[in-house]
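J.: Below is the file model13.cif, with mmCIF, C-alpha atoms and all ligand atoms.
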```cif
data_data
#
loop_
_atom_site.label_atom_id
_atom_site.label_comp_id
_atom_site.auth_asym_id
_atom_site.auth_seq_id
_atom_site.Cartn_x
_atom_site.Cartn_y
_atom_site.Cartn_z
CA MET A 1 -61.00 27.56 -27.10
CA ASP A 2 -57.50 27.19 -25.71
CA ILE A 3 -57.03 29.35 -22.62
CA PHE A 4 -53.59 30.55 -23.65
CA GLU A 5 -54.86 31.50 -27.14
CA ARG A 6 -57.59 33.60 -25.50
CA ILE A 7 -55.36 35.44 -23.07
CA LEU A 8 -52.77 36.13 -25.74
CA ALA A 9 -55.51 37.57 -27.97
CA ASN A 10 -56.58 39.87 -25.12
CA PRO A 11 -53.56 40.73 -22.94
CA GLY A 12 -55.56 42.99 -20.60
CA PRO A 13 -55.81 46.75 -19.99
CA LEU A 14 -52.12 47.12 -19.12
CA GLY A 15 -50.68 44.14 -20.98
CA GLN A 16 -51.83 45.59 -24.30
CA TYR A 17 -49.16 48.29 -23.91
CA ALA A 18 -46.35 45.89 -22.96
CA ASP A 19 -44.33 46.35 -26.14
CA GLN A 20 -44.43 50.16 -26.06
CA ALA A 21 -44.07 50.57 -22.32
CA TYR A 22 -41.92 47.83 -20.78
CA GLY A 23 -38.91 49.11 -18.89
CA TYR A 24 -39.92 52.78 -19.19
CA TYR A 25 -43.56 53.52 -18.36
CA MET A 26 -44.12 50.11 -16.79
CA PHE A 27 -41.57 47.96 -14.94
CA PRO A 28 -38.92 50.72 -14.83
CA LYS A 29 -35.80 49.89 -12.82
CA LEU A 30 -34.80 52.39 -10.14
CA VAL A 31 -31.27 51.53 -9.13
CA GLY A 32 -29.32 52.37 -5.98
CA GLU A 33 -30.02 53.13 -2.34
CA ILE A 34 -33.65 54.10 -1.77
CA GLY A 35 -33.89 57.86 -1.48
CA PRO A 36 -34.74 61.05 -3.32
CA TYR A 37 -32.07 60.37 -5.94
CA MET A 38 -31.94 57.03 -7.72
CA GLU A 39 -30.63 55.99 -11.11
CA PHE A 40 -32.98 55.29 -13.97
CA GLN A 41 -31.39 54.01 -17.20
CA GLY A 42 -27.99 55.18 -16.01
CA VAL A 43 -29.11 58.74 -15.12
CA SER A 44 -29.59 60.08 -11.60
CA MET A 45 -33.25 61.08 -11.16
CA LEU A 46 -35.04 63.10 -8.52
CA ASN A 47 -37.47 60.42 -7.46
CA TRP A 48 -41.01 61.18 -6.26
CA SER A 49 -42.56 57.79 -6.76
CA LEU A 50 -41.94 55.78 -3.57
CA ASN A 51 -44.19 55.57 -0.49
CA ASN A 52 -41.16 55.85 1.78
CA TYR A 53 -43.11 58.58 3.57
CA ILE A 54 -41.05 59.13 6.70
CA GLY A 55 -37.79 58.01 5.17
CA LEU A 56 -37.33 54.74 7.04
CA ALA A 57 -36.27 52.69 3.99
CA ASN A 58 -32.68 53.77 4.28
CA HIS A 59 -32.56 54.99 7.87
CA PRO A 60 -29.20 53.91 9.35
CA GLU A 61 -30.80 52.29 12.42
CA VAL A 62 -33.22 50.38 10.21
CA ARG A 63 -30.47 49.20 7.89
CA LYS A 64 -28.36 48.09 10.86
CA THR A 65 -31.23 46.17 12.49
CA ASP A 66 -32.21 44.52 9.19
CA ALA A 67 -28.63 43.43 8.49
CA GLU A 68 -27.90 42.17 12.00
CA ALA A 69 -31.22 40.36 12.24
CA ALA A 70 -30.63 38.67 8.87
CA ALA A 71 -27.15 37.59 10.04
CA ARG A 72 -28.51 36.32 13.37
CA TRP A 73 -31.62 34.52 12.19
CA GLY A 74 -31.25 33.87 8.45
CA MET A 75 -34.39 34.30 6.37
CA ALA A 76 -36.02 30.99 7.21
CA TYR A 77 -36.81 30.96 10.93
CA PRO A 78 -39.49 30.33 12.05
CA MET A 79 -40.70 27.72 9.57
CA GLY A 80 -44.36 26.94 9.05
CA ALA A 81 -47.52 28.93 9.66
CA ARG A 82 -47.71 30.71 13.00
CA MET A 83 -50.47 28.40 14.15
CA MET A 84 -48.43 25.27 13.48
CA SER A 85 -44.75 25.98 14.18
CA GLY A 86 -44.00 29.52 13.01
CA ASN A 87 -44.71 31.56 16.13
CA SER A 88 -42.09 33.35 18.27
CA ASP A 89 -41.87 35.82 21.17
CA MET A 90 -41.02 38.53 18.71
CA HIS A 91 -44.09 37.81 16.57
CA GLU A 92 -46.21 38.18 19.70
CA GLN A 93 -44.33 41.34 20.67
CA ILE A 94 -45.06 43.06 17.35
CA ASP A 95 -48.75 42.12 17.69
CA ARG A 96 -48.82 43.80 21.09
CA GLU A 97 -46.79 46.88 20.13
CA LEU A 98 -48.78 47.59 16.97
CA ALA A 99 -52.05 47.28 18.90
CA GLU A 100 -50.83 49.70 21.54
CA PHE A 101 -49.61 52.16 18.92
CA VAL A 102 -52.97 52.33 17.12
CA HIS A 103 -54.96 52.32 20.38
CA LYS A 104 -56.56 48.91 20.02
CA GLU A 105 -56.65 45.96 22.40
CA ASP A 106 -54.81 43.55 20.13
CA SER A 107 -53.49 43.08 16.59
CA VAL A 108 -52.60 40.26 14.21
CA LEU A 109 -49.51 40.36 12.04
CA LEU A 110 -50.18 39.62 8.36
CA ASN A 111 -47.72 38.40 5.75
CA TYR A 112 -48.80 40.85 3.06
CA GLY A 113 -51.29 43.67 3.03
CA TYR A 114 -53.08 42.64 -0.11
CA GLN A 115 -53.78 39.05 0.83
CA GLY A 116 -54.34 40.10 4.44
CA VAL A 117 -57.25 42.35 3.47
CA VAL A 118 -58.72 39.68 1.19
CA SER A 119 -58.51 37.27 4.08
CA ILE A 120 -59.96 39.64 6.73
CA ILE A 121 -63.01 40.26 4.56
CA ASP A 122 -63.36 36.53 3.92
CA ALA A 123 -62.98 35.65 7.60
CA VAL A 124 -65.47 38.10 9.06
CA LEU A 125 -68.29 37.74 6.55
CA ASP A 126 -71.08 35.24 6.28
CA ARG A 127 -73.29 34.87 3.21
CA LYS A 128 -76.11 36.58 5.13
CA ASP A 129 -74.01 39.71 5.71
CA VAL A 130 -74.18 42.82 3.58
CA VAL A 131 -71.20 45.01 2.66
CA VAL A 132 -71.29 48.75 1.98
CA TYR A 133 -68.06 50.09 0.44
CA ASP A 134 -66.53 53.07 -1.35
CA GLU A 135 -66.39 52.80 -5.16
CA GLN A 136 -62.70 53.77 -5.14
CA CYS A 137 -61.57 51.10 -2.69
CA HIS A 138 -58.20 49.46 -3.38
CA ALA A 139 -58.05 46.26 -5.45
CA CYS A 140 -57.41 44.14 -2.33
CA ILE A 141 -60.81 45.17 -0.93
CA ILE A 142 -62.54 44.54 -4.24
CA ASP A 143 -60.87 41.14 -4.49
CA GLY A 144 -61.81 40.30 -0.89
CA LEU A 145 -65.39 41.09 -1.81
CA ARG A 146 -65.19 38.64 -4.71
CA LEU A 147 -65.09 35.91 -2.06
CA HIS A 148 -68.21 37.24 -0.37
CA MET A 149 -71.25 35.13 -1.16
CA GLY A 150 -73.75 37.72 0.09
CA LYS A 151 -74.82 41.13 -1.17
CA ARG A 152 -72.69 44.24 -1.44
CA PHE A 153 -73.68 47.84 -2.10
CA VAL A 154 -71.17 50.32 -3.45
CA TYR A 155 -71.43 54.00 -2.56
CA LYS A 156 -70.23 57.05 -4.51
CA HIS A 157 -66.70 58.01 -3.53
CA ASN A 158 -66.70 59.62 -0.09
CA ASP A 159 -70.30 60.76 -0.60
CA MET A 160 -72.09 60.61 2.75
CA GLU A 161 -75.56 60.81 1.22
CA SER A 162 -74.72 57.79 -0.87
CA VAL A 163 -73.26 55.97 2.17
CA GLU A 164 -76.48 56.54 4.05
CA LYS A 165 -78.65 55.46 1.13
CA GLN A 166 -76.70 52.22 0.83
CA LEU A 167 -76.82 51.70 4.60
CA GLN A 168 -80.61 51.97 4.44
CA ARG A 169 -80.73 49.33 1.69
CA ALA A 170 -78.25 47.15 3.58
CA THR A 171 -80.22 47.46 6.81
CA LYS A 172 -83.43 46.40 5.09
CA LEU A 173 -81.75 43.44 3.45
CA SER A 174 -79.87 42.32 6.54
CA GLU A 175 -83.13 42.32 8.48
CA GLN A 176 -84.45 39.82 5.93
CA THR A 177 -81.32 37.65 5.85
CA GLY A 178 -80.57 37.88 9.56
CA GLY A 179 -77.02 39.01 8.79
CA GLY A 180 -74.94 42.02 9.76
CA ILE A 181 -73.42 44.96 7.88
CA LEU A 182 -69.75 45.74 7.22
CA VAL A 183 -68.75 49.19 5.92
CA ILE A 184 -65.33 49.37 4.24
CA THR A 185 -63.29 52.37 3.17
CA GLU A 186 -59.73 53.68 3.14
CA GLY A 187 -58.13 56.16 5.53
CA VAL A 188 -56.25 57.87 2.70
CA PHE A 189 -56.94 57.05 -0.93
CA GLY A 190 -53.49 56.40 -2.33
CA MET A 191 -54.07 57.81 -5.81
CA SER A 192 -55.80 61.10 -5.01
CA GLY A 193 -54.69 61.75 -1.42
CA VAL A 194 -58.33 62.22 -0.43
CA MET A 195 -59.11 61.17 3.14
CA GLY A 196 -61.96 58.76 3.68
CA ASN A 197 -64.70 60.46 5.68
CA LEU A 198 -64.19 58.17 8.66
CA LYS A 199 -65.77 60.66 11.03
CA GLY A 200 -68.93 60.88 8.94
CA ILE A 201 -69.21 57.10 8.75
CA VAL A 202 -68.59 56.61 12.47
CA GLU A 203 -71.29 59.24 13.11
CA LEU A 204 -73.74 57.03 11.18
CA LYS A 205 -73.24 54.30 13.78
CA LYS A 206 -75.71 56.27 15.89
CA LYS A 207 -78.42 55.54 13.32
CA TYR A 208 -77.37 52.23 11.78
CA ASN A 209 -75.96 49.04 13.14
CA PHE A 210 -72.73 48.09 11.36
CA ARG A 211 -69.06 47.22 11.80
CA PHE A 212 -66.37 49.38 10.21
CA LEU A 213 -63.20 48.19 8.44
CA VAL A 214 -60.61 50.82 7.43
CA ASP A 215 -57.63 50.18 5.17
CA ASP A 216 -55.19 52.86 6.33
CA ALA A 217 -52.20 51.86 4.20
CA HIS A 218 -51.31 55.50 3.42
CA GLY A 219 -52.47 57.04 6.71
CA PHE A 220 -50.50 54.88 9.14
CA GLY A 221 -47.31 56.74 10.08
CA THR A 222 -48.30 59.90 8.21
CA MET A 223 -51.59 61.03 9.77
CA GLY A 224 -52.64 61.79 13.34
CA ALA A 225 -50.89 63.49 16.24
CA THR A 226 -48.75 60.41 16.94
CA GLY A 227 -48.79 58.91 13.45
CA ALA A 228 -51.37 56.31 14.46
CA GLY A 229 -53.30 57.08 11.31
CA THR A 230 -56.39 58.67 9.83
CA GLY A 231 -58.69 57.49 12.61
CA GLU A 232 -56.50 59.32 15.10
CA HIS A 233 -56.35 62.37 12.81
CA GLN A 234 -60.16 62.54 12.62
CA GLY A 235 -60.63 61.65 16.30
CA VAL A 236 -62.60 58.47 15.58
CA GLN A 237 -60.12 55.63 16.11
CA ASP A 238 -62.51 54.06 18.64
CA GLY A 239 -65.25 53.88 16.03
CA ILE A 240 -63.09 51.75 13.71
CA ASP A 241 -63.78 48.09 14.47
CA LEU A 242 -61.09 46.63 12.22
CA TYR A 243 -58.06 48.85 11.61
CA PHE A 244 -55.73 47.61 8.87
CA SER A 245 -52.39 48.87 7.62
CA THR A 246 -49.52 47.53 5.59
CA PHE A 247 -45.77 47.83 6.27
CA ALA A 248 -45.28 48.65 2.56
CA LYS A 249 -45.52 52.44 2.95
CA SER A 250 -44.40 54.36 6.08
CA MET A 251 -42.78 51.25 7.54
CA ALA A 252 -40.80 50.70 4.32
CA SER A 253 -40.85 46.93 4.55
CA ILE A 254 -43.16 44.03 3.89
CA GLY A 255 -45.95 42.67 6.04
CA ALA A 256 -49.12 44.21 7.50
CA PHE A 257 -51.46 44.00 10.47
CA VAL A 258 -55.06 44.25 11.55
CA ALA A 259 -55.96 45.67 14.95
CA ALA A 260 -59.23 45.22 16.83
CA ASP A 261 -60.75 44.14 20.14
CA LYS A 262 -58.93 41.22 21.77
CA LYS A 263 -61.65 38.66 21.18
CA ILE A 264 -61.98 39.65 17.53
CA CYS A 265 -58.21 39.27 17.06
CA THR A 266 -58.38 35.83 18.67
CA TYR A 267 -61.10 34.95 16.17
CA LEU A 268 -59.01 36.33 13.29
CA ARG A 269 -55.88 34.42 14.41
CA HIS A 270 -57.83 31.19 14.16
CA ASN A 271 -59.69 32.02 10.94
CA LEU A 272 -57.49 34.09 8.61
CA ARG A 273 -56.80 31.63 5.84
CA SER A 274 -53.94 33.78 4.45
CA GLN A 275 -52.12 33.20 7.75
CA ILE A 276 -53.19 29.69 8.72
CA PHE A 277 -52.18 28.29 5.34
CA ALA A 278 -48.99 30.31 4.76
CA LYS A 279 -45.53 30.48 6.28
CA SER A 280 -45.11 33.15 8.96
CA LEU A 281 -42.93 36.20 8.37
CA PRO A 282 -39.20 35.55 8.92
CA MET A 283 -37.52 37.02 12.00
CA PRO A 284 -35.53 39.79 10.23
CA ILE A 285 -38.83 41.19 8.91
CA VAL A 286 -40.37 41.07 12.40
CA GLU A 287 -37.34 42.49 14.17
CA GLY A 288 -37.06 45.12 11.44
CA ALA A 289 -40.73 46.01 11.94
CA LEU A 290 -40.16 46.45 15.69
CA LYS A 291 -37.27 48.84 14.96
CA ARG A 292 -39.35 50.79 12.41
CA LEU A 293 -42.22 51.07 14.86
CA GLU A 294 -39.83 52.29 17.56
CA LEU A 295 -38.58 55.05 15.23
CA LEU A 296 -42.09 55.93 14.14
CA ARG A 297 -43.08 56.26 17.79
CA ASN A 298 -39.99 57.98 19.13
CA LYS A 299 -38.95 60.25 16.28
CA PRO A 300 -41.92 62.52 15.53
CA GLU A 301 -39.44 64.83 13.81
CA LEU A 302 -39.47 62.42 10.85
CA ARG A 303 -43.21 62.97 10.40
CA GLN A 304 -42.73 66.71 10.90
CA LYS A 305 -40.05 66.74 8.19
CA LEU A 306 -42.44 64.89 5.85
CA TRP A 307 -45.17 67.48 6.47
CA ASP A 308 -42.75 70.39 5.97
CA ILE A 309 -41.95 69.02 2.52
CA VAL A 310 -45.61 68.21 1.80
CA ASN A 311 -46.73 71.74 2.66
CA TYR A 312 -43.90 73.41 0.78
CA LEU A 313 -44.57 71.29 -2.31
CA GLN A 314 -48.37 71.58 -2.28
CA ASP A 315 -48.35 75.33 -1.52
CA GLY A 316 -45.81 75.86 -4.32
CA LEU A 317 -47.80 73.88 -6.87
CA ARG A 318 -51.08 75.57 -5.93
CA ALA A 319 -49.42 78.99 -6.08
CA ARG A 320 -48.38 78.15 -9.65
CA GLY A 321 -51.99 77.39 -10.54
CA PHE A 322 -51.84 73.60 -10.54
CA ASN A 323 -54.95 71.62 -9.67
CA LEU A 324 -54.17 69.20 -6.80
CA GLY A 325 -57.76 68.12 -6.28
CA VAL A 326 -58.72 68.01 -2.61
CA THR A 327 -55.74 66.21 -1.12
CA GLU A 328 -55.18 66.87 2.58
CA THR A 329 -52.51 64.23 2.92
CA PRO A 330 -48.94 63.72 1.67
CA VAL A 331 -50.17 62.07 -1.56
CA THR A 332 -49.92 64.89 -4.12
CA PRO A 333 -51.80 64.46 -7.39
CA VAL A 334 -51.37 67.05 -10.13
CA PHE A 335 -54.28 67.00 -12.56
CA LEU A 336 -53.64 68.12 -16.13
CA GLN A 337 -55.74 68.02 -19.30
CA GLY A 338 -54.67 65.61 -22.02
CA GLY A 339 -54.73 62.11 -23.41
CA ILE A 340 -52.34 59.18 -23.48
CA THR A 341 -49.98 60.87 -26.00
CA GLU A 342 -49.54 63.94 -23.83
CA ALA A 343 -49.16 61.76 -20.73
CA ALA A 344 -46.37 59.76 -22.35
CA GLN A 345 -44.68 62.92 -23.66
CA ILE A 346 -44.83 64.63 -20.26
CA THR A 347 -43.37 61.59 -18.49
CA HIS A 348 -40.60 61.43 -21.06
CA ASP A 349 -39.87 65.16 -20.88
CA LEU A 350 -39.71 65.08 -17.07
CA ARG A 351 -37.30 62.15 -17.10
CA ALA A 352 -35.13 63.02 -20.11
CA ASN A 353 -34.86 66.80 -19.69
CA PHE A 354 -35.55 67.52 -16.03
CA HIS A 355 -34.36 64.22 -14.52
CA ILE A 356 -37.55 63.92 -12.49
CA PHE A 357 -39.19 60.56 -11.96
CA CYS A 358 -42.81 60.40 -10.82
CA SER A 359 -45.79 58.18 -11.52
CA ILE A 360 -48.31 59.07 -14.17
CA VAL A 361 -51.90 57.90 -14.26
CA THR A 362 -54.30 58.03 -17.20
CA TYR A 363 -57.75 56.75 -18.19
CA PRO A 364 -59.37 54.46 -16.96
CA VAL A 365 -57.96 55.24 -13.47
CA VAL A 366 -58.84 58.92 -14.01
CA PRO A 367 -61.58 60.21 -16.37
CA LYS A 368 -60.89 60.44 -20.13
CA GLY A 369 -58.98 63.61 -21.02
CA VAL A 370 -57.36 63.85 -17.58
CA ILE A 371 -53.73 63.11 -16.79
CA MET A 372 -52.64 62.71 -13.19
CA LEU A 373 -49.03 63.04 -12.16
CA ARG A 374 -48.63 61.60 -8.68
CA ILE A 375 -45.92 63.01 -6.43
CA ILE A 376 -45.07 61.26 -3.17
CA PRO A 377 -43.09 63.58 -0.90
CA THR A 378 -41.00 62.02 1.84
CA ALA A 379 -39.09 63.10 4.92
CA VAL A 380 -35.80 62.66 3.05
CA HIS A 381 -36.63 65.14 0.28
CA THR A 382 -35.34 68.69 0.62
CA LYS A 383 -36.77 72.11 -0.23
CA GLU A 384 -34.20 72.32 -3.06
CA ASP A 385 -35.72 69.13 -4.49
CA VAL A 386 -39.12 70.80 -4.33
CA ASP A 387 -37.84 74.00 -5.98
CA LYS A 388 -36.37 71.97 -8.84
CA THR A 389 -39.67 70.16 -9.25
CA LEU A 390 -41.77 73.34 -9.16
CA HIS A 391 -39.61 74.76 -11.93
CA ALA A 392 -39.96 71.59 -14.01
CA PHE A 393 -43.73 71.45 -13.52
CA SER A 394 -44.12 75.10 -14.53
CA GLU A 395 -42.24 74.33 -17.74
CA VAL A 396 -44.28 71.20 -18.41
CA GLY A 397 -47.54 73.07 -17.72
CA ARG A 398 -46.51 75.83 -20.14
CA LYS A 399 -45.56 73.36 -22.89
CA LEU A 400 -48.82 71.44 -22.44
CA GLN A 401 -50.82 74.66 -22.82
CA ALA A 402 -48.80 75.61 -25.90
CA GLY A 403 -49.67 72.23 -27.48
CA GLU A 404 -46.05 71.05 -27.54
CA TYR A 405 -46.84 67.51 -26.42
CA LYS A 406 -48.89 66.47 -29.44
CA GLN A 407 -46.17 64.68 -31.41
CA GLU A 408 -45.62 60.93 -31.48
CA VAL A 409 -44.41 59.28 -28.29
CA PRO A 410 -40.69 58.43 -28.52
CA ALA A 411 -39.86 54.72 -28.65
CA VAL A 412 -38.48 54.09 -25.19
CA ALA A 413 -39.48 50.55 -24.29
CA THR A 414 -36.84 47.88 -23.84
CA PRO A 415 -37.45 44.35 -25.21
CA ILE A 416 -39.06 42.05 -22.66
C1 LIG B 1 -54.70 50.95 0.16
C2 LIG B 1 -53.82 49.73 0.08
N1 LIG B 1 -54.19 48.60 0.69
C3 LIG B 1 -53.43 47.49 0.62
C4 LIG B 1 -52.24 47.46 -0.07
C5 LIG B 1 -51.49 46.19 -0.18
O1 LIG B 1 -50.45 46.12 0.74
P1 LIG B 1 -49.16 45.19 0.48
O2 LIG B 1 -48.27 45.91 -0.47
O3 LIG B 1 -48.58 45.00 1.84
O4 LIG B 1 -49.64 43.88 -0.09
C6 LIG B 1 -51.81 48.63 -0.73
C7 LIG B 1 -50.52 48.67 -1.46
O5 LIG B 1 -49.47 48.35 -1.03
C8 LIG B 1 -52.61 49.80 -0.64
O6 LIG B 1 -52.24 50.93 -1.24
#
```
Go ahead and express the file in the form of structure tokens.

T.:
Amino acid sequence: MDIFERILANPGPLGQYADQAYGYYMFPKLVGEIGPYMEFQGVSMLNWSLNNYIGLANHPEVRKTDAEAAARWGMAYPMGARMMSGNSDMHEQIDRELAEFVHKEDSVLLNYGYQGVVSIIDAVLDRKDVVVYDEQCHACIIDGLRLHMGKRFVYKHNDMESVEKQLQRATKLSEQTGGGILVITEGVFGMSGVMGNLKGIVELKKKYNFRFLVDDAHGFGTMGATGAGTGEHQGVQDGIDLYFSTFAKSMASIGAFVAADKKICTYLRHNLRSQIFAKSLPMPIVEGALKRLELLRNKPELRQKLWDIVNYLQDGLRARGFNLGVTETPVTPVFLQGGITEAAQITHDLRANFHIFCSIVTYPVVPKGVIMLRIIPTAVHTKEDVDKTLHAFSEVGRKLQAGEYKQEVPAVATPI
């Protein structure tokens, strides 16, 4: 069979909705300066859908540094992979500063979070090794594991009994193969806001021999006394052997890093295929990352502002009877009952009538019959924004209960 014929006959779980969803539910265009208000289809929307947690995306110092660095360096320098010709003092400086910030000996800058994680998993594992990982791990972890030639055991989401059971199986197997064990989870699960039980897993190091990789994409900059992440928040940063985060959330940029002991970072530098065989990050990205890190470090009031908004929003939603699951982090899911029709209607109602833009998640990401609206508060939102949103959600909740979202979904897609 022709490959193109096959893929066109089965466009995939999201692609099947392309005609009904393009430009509205999927691939919407948010226009204007990044912030709580952006235009969608010509209308100003209160926007709760960006991981600009501490508001750095449009911070004046960040914008200035980005612009001046782009003017000074252009977007090309340095050319080549870091190992070949693409290294610079500033690349080495960000490695050092990130390591210091997350309390590790060293760190390695990565071009992108997704491919960085794939590459870390690939670089540290041998076919004899066994992986134990959370069933809700991000796609980059799952895809990294696709490269692993050895065994992997998945545990029930954040369930410590299940972690231990899988560690017992992994220990038995690794004794036969002569390999080691890598446990992988996330600091903060980006859909539900649930924190990975890093403390519980680190505690298991007393009984089992394993290394621990944490993807803290949503925890870095938001969690912990200094913003150093979920390991700091739970008091177990030392027990994390490989600490990963991306610049795509709190840092409001592109790029990522992995921090670990010095010798392990030296190993990674010489073995991460996503870095050895790819051009290094351009200077404006690196200089911009240094500025963002400086603000993250020196302006704790940004994180405090984020948490003020988070608490005001989550308390307000809970007081109105909404189910937010067990989030303890800025990620704010609102779980409602309904199917795809109600989900589409709610999204449309929020945008068209309340001018509120947030992400909506349906089956298969959440169980059948559940709709999840995901709100991402940031340091640049205000309490008035929250009040407006609480009012809108109360209305939407009332209409859903009254069965007002049963009618056909309006045609809103734009031609691809
Ligand atoms: C948990 C997690 N890990 C990794 C990534 C990938 O990072 P990046 O966007 O830098 O590729 C994301 C999304 O950005 C994420 O949410």

J.: Using all atoms listed in the file, find each residue in segment 141-237 of chain A having at least one atom no more than 12 Å away from segment 284-303 of chain A; report its shortest atom-to-atom pair and that distance in Å (one decimal), rows by chain then rising number, as a Markdown table.

T.:
```
| residue | atom | partner | partner_atom | distance |
| --- | --- | --- | --- | --- |
| A:Gly219 | CA | A:Arg303 | CA | 11.6 |
| A:Phe220 | CA | A:Leu296 | CA | 9.8 |
| A:Gly221 | CA | A:Leu296 | CA | 6.7 |
| A:Thr222 | CA | A:Arg303 | CA | 6.3 |
| A:Met223 | CA | A:Arg303 | CA | 8.6 |
| A:Gly224 | CA | A:Arg303 | CA | 9.9 |
| A:Ala225 | CA | A:Pro300 | CA | 9.1 |
| A:Thr226 | CA | A:Arg297 | CA | 7.1 |
| A:Gly227 | CA | A:Leu296 | CA | 7.4 |
| A:Ala228 | CA | A:Arg297 | CA | 8.9 |
| A:Gly229 | CA | A:Leu296 | CA | 11.6 |
```

J.: For the residues in the current selection, export C-alpha atoms as a compact mmCIF listing (two decimals), keeping the file's coordinate frame.

T.:
```txt
# COMPACT_ATOMS: atom_id res chain seq x y z
CA GLY A 219 -52.47 57.04 6.71
CA PHE A 220 -50.50 54.88 9.14
CA GLY A 221 -47.31 56.74 10.08
CA THR A 222 -48.30 59.90 8.21
CA MET A 223 -51.59 61.03 9.77
CA GLY A 224 -52.64 61.79 13.34
CA ALA A 225 -50.89 63.49 16.24
CA THR A 226 -48.75 60.41 16.94
CA GLY A 227 -48.79 58.91 13.45
CA ALA A 228 -51.37 56.31 14.46
CA GLY A 229 -53.30 57.08 11.31
```

J.: For each of A:Glu186, A:Glu135, A:Glu164, A:Asp159, take the minimum atom-to-atom distance to Lys205 of chain A, counting only C-alpha atoms, then give the residue where this is smallest.

T.: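 When distances to Lys205 of chain A are compared using only C-alpha atoms, the smallest one comes from A:Glu164.
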
J.: Please report, as JSON, the centre and edge lengths in Å to one decimal of an axis-aligned box covering all listed atoms of ligand LIG 1 (chain B) with 8 Å per side.

T.:
```
{"center_x": -51.5, "center_y": 47.4, "center_z": 0.2, "size_x": 22.4, "size_y": 23.1, "size_z": 19.3}
```

J.: Could you check the closest approach to Val386 of chain A for each of A:Gln401, A:Gln176, A:Ser107, A:Asn311 and tell me which residue wins, using only C-alpha atoms?

T.: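 Among A:Gln401, A:Gln176, A:Ser107, A:Asn311, it is A:Asn311 that comes nearest to Val386 of chain A.
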
J.: If you take all atoms listed in the file and a cut-off of 9 Å, which residues of chain A touch ligand LIG 1 (chain B), and what are their nearest atom pairs and distances in Å to one decimal, in chain and number order, as JSON lines?

T.:
```
{"residue": "A:Asn51", "atom": "CA", "partner": "B:LIG1", "partner_atom": "O5", "distance": 9.0}
{"residue": "A:Leu110", "atom": "CA", "partner": "B:LIG1", "partner_atom": "O3", "distance": 8.6}
{"residue": "A:Asn111", "atom": "CA", "partner": "B:LIG1", "partner_atom": "O3", "distance": 7.7}
{"residue": "A:Tyr112", "atom": "CA", "partner": "B:LIG1", "partner_atom": "O3", "distance": 4.3}
{"residue": "A:Gly113", "atom": "CA", "partner": "B:LIG1", "partner_atom": "O3", "distance": 3.2}
{"residue": "A:Tyr114", "atom": "CA", "partner": "B:LIG1", "partner_atom": "O4", "distance": 3.7}
{"residue": "A:Gln115", "atom": "CA", "partner": "B:LIG1", "partner_atom": "O4", "distance": 6.4}
{"residue": "A:Gly116", "atom": "CA", "partner": "B:LIG1", "partner_atom": "O4", "distance": 7.5}
{"residue": "A:Val117", "atom": "CA", "partner": "B:LIG1", "partner_atom": "C3", "distance": 7.0}
{"residue": "A:Cys137", "atom": "CA", "partner": "B:LIG1", "partner_atom": "C1", "distance": 7.4}
{"residue": "A:His138", "atom": "CA", "partner": "B:LIG1", "partner_atom": "C1", "distance": 5.2}
{"residue": "A:Ala139", "atom": "CA", "partner": "B:LIG1", "partner_atom": "N1", "distance": 7.6}
{"residue": "A:Cys140", "atom": "CA", "partner": "B:LIG1", "partner_atom": "C3", "distance": 6.0}
{"residue": "A:Ile141", "atom": "CA", "partner": "B:LIG1", "partner_atom": "N1", "distance": 7.6}
{"residue": "A:Glu186", "atom": "CA", "partner": "B:LIG1", "partner_atom": "C1", "distance": 6.5}
{"residue": "A:Gly187", "atom": "CA", "partner": "B:LIG1", "partner_atom": "C1", "distance": 8.2}
{"residue": "A:Val188", "atom": "CA", "partner": "B:LIG1", "partner_atom": "C1", "distance": 7.5}
{"residue": "A:Phe189", "atom": "CA", "partner": "B:LIG1", "partner_atom": "C1", "distance": 6.6}
{"residue": "A:Gly190", "atom": "CA", "partner": "B:LIG1", "partner_atom": "O6", "distance": 5.7}
{"residue": "A:Met191", "atom": "CA", "partner": "B:LIG1", "partner_atom": "O6", "distance": 8.5}
{"residue": "A:Asp215", "atom": "CA", "partner": "B:LIG1", "partner_atom": "C1", "distance": 5.9}
{"residue": "A:Asp216", "atom": "CA", "partner": "B:LIG1", "partner_atom": "C1", "distance": 6.5}
{"residue": "A:Ala217", "atom": "CA", "partner": "B:LIG1", "partner_atom": "C1", "distance": 4.8}
{"residue": "A:His218", "atom": "CA", "partner": "B:LIG1", "partner_atom": "C1", "distance": 6.5}
{"residue": "A:Phe244", "atom": "CA", "partner": "B:LIG1", "partner_atom": "N1", "distance": 8.4}
{"residue": "A:Ser245", "atom": "CA", "partner": "B:LIG1", "partner_atom": "N1", "distance": 7.2}
{"residue": "A:Thr246", "atom": "CA", "partner": "B:LIG1", "partner_atom": "O3", "distance": 4.6}
{"residue": "A:Phe247", "atom": "CA", "partner": "B:LIG1", "partner_atom": "O3", "distance": 6.0}
{"residue": "A:Ala248", "atom": "CA", "partner": "B:LIG1", "partner_atom": "O3", "distance": 5.0}
{"residue": "A:Lys249", "atom": "CA", "partner": "B:LIG1", "partner_atom": "O5", "distance": 6.9}
{"residue": "A:Ser253", "atom": "CA", "partner": "B:LIG1", "partner_atom": "O3", "distance": 8.4}
{"residue": "A:Ile254", "atom": "CA", "partner": "B:LIG1", "partner_atom": "O3", "distance": 5.9}
{"residue": "A:Gly255", "atom": "CA", "partner": "B:LIG1", "partner_atom": "O3", "distance": 5.5}
{"residue": "A:Ala256", "atom": "CA", "partner": "B:LIG1", "partner_atom": "O3", "distance": 5.7}
```
